[in-house]
file start33.txt (compact mmCIF, C-alpha atoms)
# COMPACT_ATOMS: atom_id res chain seq x y z
CA MET X 1 164.00 94.56 71.74
CA ARG X 2 161.91 97.73 71.72
CA THR X 3 159.26 96.10 73.94
CA LEU X 4 161.95 95.02 76.39
CA LYS X 5 163.16 98.62 76.72
CA TRP X 6 159.60 99.81 77.46
CA LEU X 7 159.09 97.08 80.05
CA SER X 8 162.40 97.96 81.70
CA LEU X 9 161.44 101.63 81.79
CA ALA X 10 157.99 100.83 83.23
CA ALA X 11 159.55 98.60 85.91
CA ALA X 12 162.10 101.28 86.80
CA ILE X 13 159.29 103.77 87.37
CA ALA X 14 156.74 101.45 89.03
CA CYS X 15 158.98 99.60 91.50
CA PRO X 16 160.01 102.64 93.58
CA LEU X 17 156.38 103.81 93.67
CA LEU X 18 155.15 100.45 94.89
CA LEU X 19 157.88 100.20 97.50
CA SER X 20 157.06 103.66 98.86
CA MET X 21 153.39 102.82 99.50
CA PRO X 22 152.59 101.74 103.08
CA VAL X 23 151.91 98.00 103.32
CA GLY X 24 148.32 97.30 104.34
CA ALA X 25 147.28 100.96 104.07
CA GLU X 26 143.57 101.56 104.61
CA THR X 27 141.68 104.69 103.65
CA PHE X 28 138.43 105.50 105.43
CA ARG X 29 136.18 108.18 103.93
CA MET X 30 133.40 109.37 106.19
CA ASN X 31 130.47 111.52 105.08
CA GLY X 32 130.05 114.75 107.05
CA ASN X 33 126.80 113.32 108.46
CA PHE X 34 128.90 111.23 110.85
CA CYS X 35 129.75 114.48 112.65
CA SER X 36 127.48 115.38 115.55
CA ALA X 37 126.77 118.74 117.10
CA ARG X 38 127.87 119.80 120.53
CA LEU X 39 124.81 119.89 122.78
CA ALA X 40 124.49 123.70 122.65
CA ASP X 41 124.59 123.64 118.81
CA THR X 42 122.18 120.76 118.12
CA GLY X 43 119.40 122.97 116.75
CA LYS X 44 121.76 124.80 114.37
CA LEU X 45 122.50 121.89 112.02
CA ASP X 46 120.87 120.42 108.94
CA ARG X 47 121.91 117.22 107.21
CA SER X 48 122.13 116.44 103.52
CA SER X 49 122.75 113.04 101.96
CA THR X 50 124.97 114.71 99.35
CA LEU X 51 126.52 117.70 101.17
CA GLY X 52 127.06 116.36 104.71
CA VAL X 53 126.38 118.39 107.85
CA LEU X 54 125.39 122.06 107.31
CA ASN X 55 125.15 125.01 109.69
CA SER X 56 121.75 126.63 109.10
CA SER X 57 122.08 129.27 111.85
CA THR X 58 123.74 132.65 111.48
CA SER X 59 126.20 131.92 114.32
CA THR X 60 129.03 129.37 114.39
CA ALA X 61 128.32 125.74 115.28
CA THR X 62 130.79 123.16 116.58
CA VAL X 63 130.67 119.53 115.48
CA GLU X 64 132.60 116.45 116.64
CA CYS X 65 133.65 113.97 113.95
CA PRO X 66 134.75 110.45 115.01
CA PHE X 67 137.26 108.21 113.23
CA ARG X 68 137.21 104.44 112.87
CA PHE X 69 140.31 102.27 113.18
CA PRO X 70 140.41 98.60 112.18
CA LEU X 71 142.52 97.59 115.20
CA SER X 72 143.08 98.91 118.71
CA SER X 73 145.66 101.36 117.33
CA ALA X 74 146.86 102.55 113.95
CA LYS X 75 149.61 104.57 112.32
CA VAL X 76 148.02 107.64 110.78
CA ASN X 77 149.64 108.65 107.51
CA SER X 78 147.31 111.50 106.57
CA VAL X 79 144.00 113.11 107.45
CA SER X 80 141.97 115.61 105.43
CA VAL X 81 138.54 117.19 105.59
CA THR X 82 136.55 118.65 102.70
CA ILE X 83 134.53 121.72 103.68
CA ASN X 84 132.60 124.52 102.04
CA ASN X 85 132.97 127.94 103.69
CA ARG X 86 130.20 130.29 102.59
CA HIS X 87 131.08 133.09 105.04
CA ALA X 88 133.71 135.54 103.74
CA ASN X 89 134.41 137.07 107.17
CA VAL X 90 134.66 133.96 109.37
CA SER X 91 137.31 131.23 109.25
CA PHE X 92 136.31 127.57 109.02
CA THR X 93 138.57 125.66 111.45
CA CYS X 94 139.04 122.01 112.34
CA THR X 95 141.17 120.53 115.12
CA LEU X 96 142.34 116.93 115.03
CA PHE X 97 142.96 115.23 118.39
CA GLY X 98 145.12 112.14 118.96
CA LEU X 99 143.76 110.29 121.98
CA THR X 100 145.15 107.64 124.30
CA ALA X 101 143.27 104.40 124.96
CA GLU X 102 141.83 106.10 128.07
CA GLY X 103 140.59 109.12 126.07
CA GLY X 104 143.28 111.61 127.10
CA VAL X 105 144.56 114.07 124.49
CA PHE X 106 148.26 113.58 123.73
CA TRP X 107 148.47 115.82 120.64
CA SER X 108 146.32 118.11 118.56
CA SER X 109 146.62 120.01 115.29
CA THR X 110 144.42 122.84 113.97
CA VAL X 111 143.90 123.85 110.35
CA GLY X 112 141.57 126.39 108.84
CA THR X 113 140.72 128.69 106.00
CA SER X 114 139.00 132.02 105.53
CA VAL X 115 138.69 131.45 101.77
CA THR X 116 135.11 131.01 100.58
CA GLY X 117 134.14 127.95 98.58
CA VAL X 118 135.09 124.29 98.69
CA SER X 119 138.48 123.49 100.26
CA THR X 120 140.31 120.40 101.40
CA LEU X 121 142.15 120.96 104.68
CA SER X 122 145.05 118.56 105.34
CA PHE X 123 146.54 117.90 108.76
CA PHE X 124 149.80 116.04 108.11
CA THR X 125 151.41 113.41 105.94
CA ASN X 126 154.74 112.52 107.56
CA PRO X 127 155.93 111.29 109.92
CA THR X 128 153.20 108.82 110.71
CA VAL X 129 151.69 109.04 114.18
CA THR X 130 150.42 106.01 116.13
CA VAL X 131 147.14 106.60 117.96
CA ASN X 132 144.52 104.54 119.80
CA GLN X 133 141.69 106.93 118.99
CA MET X 134 141.20 110.10 116.98
CA ASN X 135 138.53 112.78 116.98
CA MET X 136 138.10 115.94 114.92
CA GLN X 137 136.29 119.07 116.03
CA CYS X 138 135.18 121.63 113.42
CA VAL X 139 133.80 125.12 113.95
CA ILE X 140 131.44 125.79 111.04
CA PRO X 141 130.75 129.45 110.20
CA GLY X 142 127.14 130.64 110.26
CA ALA X 143 124.92 130.93 107.21
CA VAL X 144 125.09 134.15 105.23
CA SER X 145 122.29 135.26 102.85
CA GLY X 146 120.81 131.76 103.04
CA SER X 147 124.07 130.02 102.03
CA GLN X 148 125.18 127.37 104.52
CA SER X 149 128.74 126.32 105.30
CA TYR X 150 129.27 122.59 105.77
CA VAL X 151 131.55 119.60 106.40
CA ALA X 152 131.21 117.41 103.30
CA SER X 153 133.53 114.51 104.19
CA TYR X 154 136.71 113.55 105.98
CA ILE X 155 139.36 110.94 105.25
CA SER X 156 142.02 109.09 107.22
CA ASN X 157 144.77 106.99 105.70
CA THR X 158 146.18 104.47 108.17
CA THR X 159 148.40 101.41 108.38
CA PRO X 160 148.06 98.77 111.12
call {"tool": "encode", "arguments": {"input": "start33.txt", "output": "structure tokens"}}
result
Amino acid sequence: MRTLKWLSLAAAIACPLLLSMPVGAETFRMNGNFCSARLADTGKLDRSSTLGVLNSSTSTATVECPFRFPLSSAKVNSVSVTINNRHANVSFTCTLFGLTAEGGVFWSSTVGTSVTGVSTLSFFTNPTVTVNQMNMQCVIPGAVSGSQSYVASYISNTTP
């Protein structure tokens, strides 16, 4: 009888959690090395297999970070980027762009932080947004006293 009560309690807790999860959800984690510099900032970046893409110059550098979708379009549930801001006086900002199949921007969202250290910046969680393509642009603060700011990784959670 006691075991039955525990099973009933576990089912009461687990069933709503399972039902709230998106069916067929896919999470894609990309290393910061997938980001590429804008042409004018190409010489400012270093790459690390563990840290991602780093700004080695003393001025800001802008990188473009692509996303991968399994189908021609996807419902985006959440997007986040993990960064390390080493510059106390300059904000680290990232802008997420939702793109049409033709490449036109139909929405964008910008997040940022002026806090130094590792941070995870989140764009949105609900409601889901259907997109054909997505791109993220980050402005990485310049190095200060030899310490480089960087994009470590970025994640998208989608459903078909």
call {"tool": "closest_residue", "arguments": {"input": "start33.txt", "among": "X:Asn135, X:Thr95, X:Asn77, X:Asn85", "to": "X:Glu26", "atoms": "all atoms listed in the file"}}
result
X:Asn77
call {"tool": "residues_near_point", "arguments": {"input": "start33.txt", "point": "(135.2, 129.3, 102.5)", "cutoff": "8 Å", "atoms": "all atoms listed in the file", "output": "number ranges by chain"}}
result
X: 83-88, 91-92, 113-119, 149
call {"tool": "residues_around", "arguments": {"input": "start33.txt", "residues": "X:Met136", "least_positions_apart": "4", "cutoff": "12 Å", "atoms": "all atoms listed in the file", "output": "PyMOL selection string"}}
result
chain X and resi 30+32+34-37+62-68+79-81+93-99+105+107-111+123+151+153-156
call {"tool": "write_last_selection", "arguments": {"input": "start33.txt", "atoms": "C-alpha atoms", "output": "mmCIF file, in the coordinates of the input"}}
result
data_model
loop_
_atom_site.group_PDB
_atom_site.id
_atom_site.type_symbol
_atom_site.label_atom_id
_atom_site.label_comp_id
_atom_site.auth_asym_id
_atom_site.auth_seq_id
_atom_site.Cartn_x
_atom_site.Cartn_y
_atom_site.Cartn_z
ATOM 1 C CA MET X 30 133.400 109.370 106.190
ATOM 2 C CA GLY X 32 130.050 114.750 107.050
ATOM 3 C CA PHE X 34 128.900 111.230 110.850
ATOM 4 C CA CYS X 35 129.750 114.480 112.650
ATOM 5 C CA SER X 36 127.480 115.380 115.550
ATOM 6 C CA ALA X 37 126.770 118.740 117.100
ATOM 7 C CA THR X 62 130.790 123.160 116.580
ATOM 8 C CA VAL X 63 130.670 119.530 115.480
ATOM 9 C CA GLU X 64 132.600 116.450 116.640
ATOM 10 C CA CYS X 65 133.650 113.970 113.950
ATOM 11 C CA PRO X 66 134.750 110.450 115.010
ATOM 12 C CA PHE X 67 137.260 108.210 113.230
ATOM 13 C CA ARG X 68 137.210 104.440 112.870
ATOM 14 C CA VAL X 79 144.000 113.110 107.450
ATOM 15 C CA SER X 80 141.970 115.610 105.430
ATOM 16 C CA VAL X 81 138.540 117.190 105.590
ATOM 17 C CA THR X 93 138.570 125.660 111.450
ATOM 18 C CA CYS X 94 139.040 122.010 112.340
ATOM 19 C CA THR X 95 141.170 120.530 115.120
ATOM 20 C CA LEU X 96 142.340 116.930 115.030
ATOM 21 C CA PHE X 97 142.960 115.230 118.390
ATOM 22 C CA GLY X 98 145.120 112.140 118.960
ATOM 23 C CA LEU X 99 143.760 110.290 121.980
ATOM 24 C CA VAL X 105 144.560 114.070 124.490
ATOM 25 C CA TRP X 107 148.470 115.820 120.640
ATOM 26 C CA SER X 108 146.320 118.110 118.560
ATOM 27 C CA SER X 109 146.620 120.010 115.290
ATOM 28 C CA THR X 110 144.420 122.840 113.970
ATOM 29 C CA VAL X 111 143.900 123.850 110.350
ATOM 30 C CA PHE X 123 146.540 117.900 108.760
ATOM 31 C CA VAL X 151 131.550 119.600 106.400
ATOM 32 C CA SER X 153 133.530 114.510 104.190
ATOM 33 C CA TYR X 154 136.710 113.550 105.980
ATOM 34 C CA ILE X 155 139.360 110.940 105.250
ATOM 35 C CA SER X 156 142.020 109.090 107.220
#
call {"tool": "closest_residue", "arguments": {"input": "start33.txt", "among": "X:Thr50, X:Thr158, X:Ser59, X:Ser73", "to": "X:Thr100", "atoms": "all atoms listed in the file"}}
result
X:Ser73
call {"tool": "atom_distance", "arguments": {"input": "start33.txt", "atom1": "atom CA of X:Glu102", "atom2": "atom CA of X:Ser78"}}
result
22.8 Å
call {"tool": "axis_aligned_box", "arguments": {"input": "start33.txt", "around": "stretch 40-54 of chain X", "padding_each_side": "5 Å", "output": "lines of an AutoDock Vina configuration file"}}
result
center_x = 123.2
center_y = 118.9
center_z = 111.0
size_x = 17.7
size_y = 21.8
size_z = 33.3
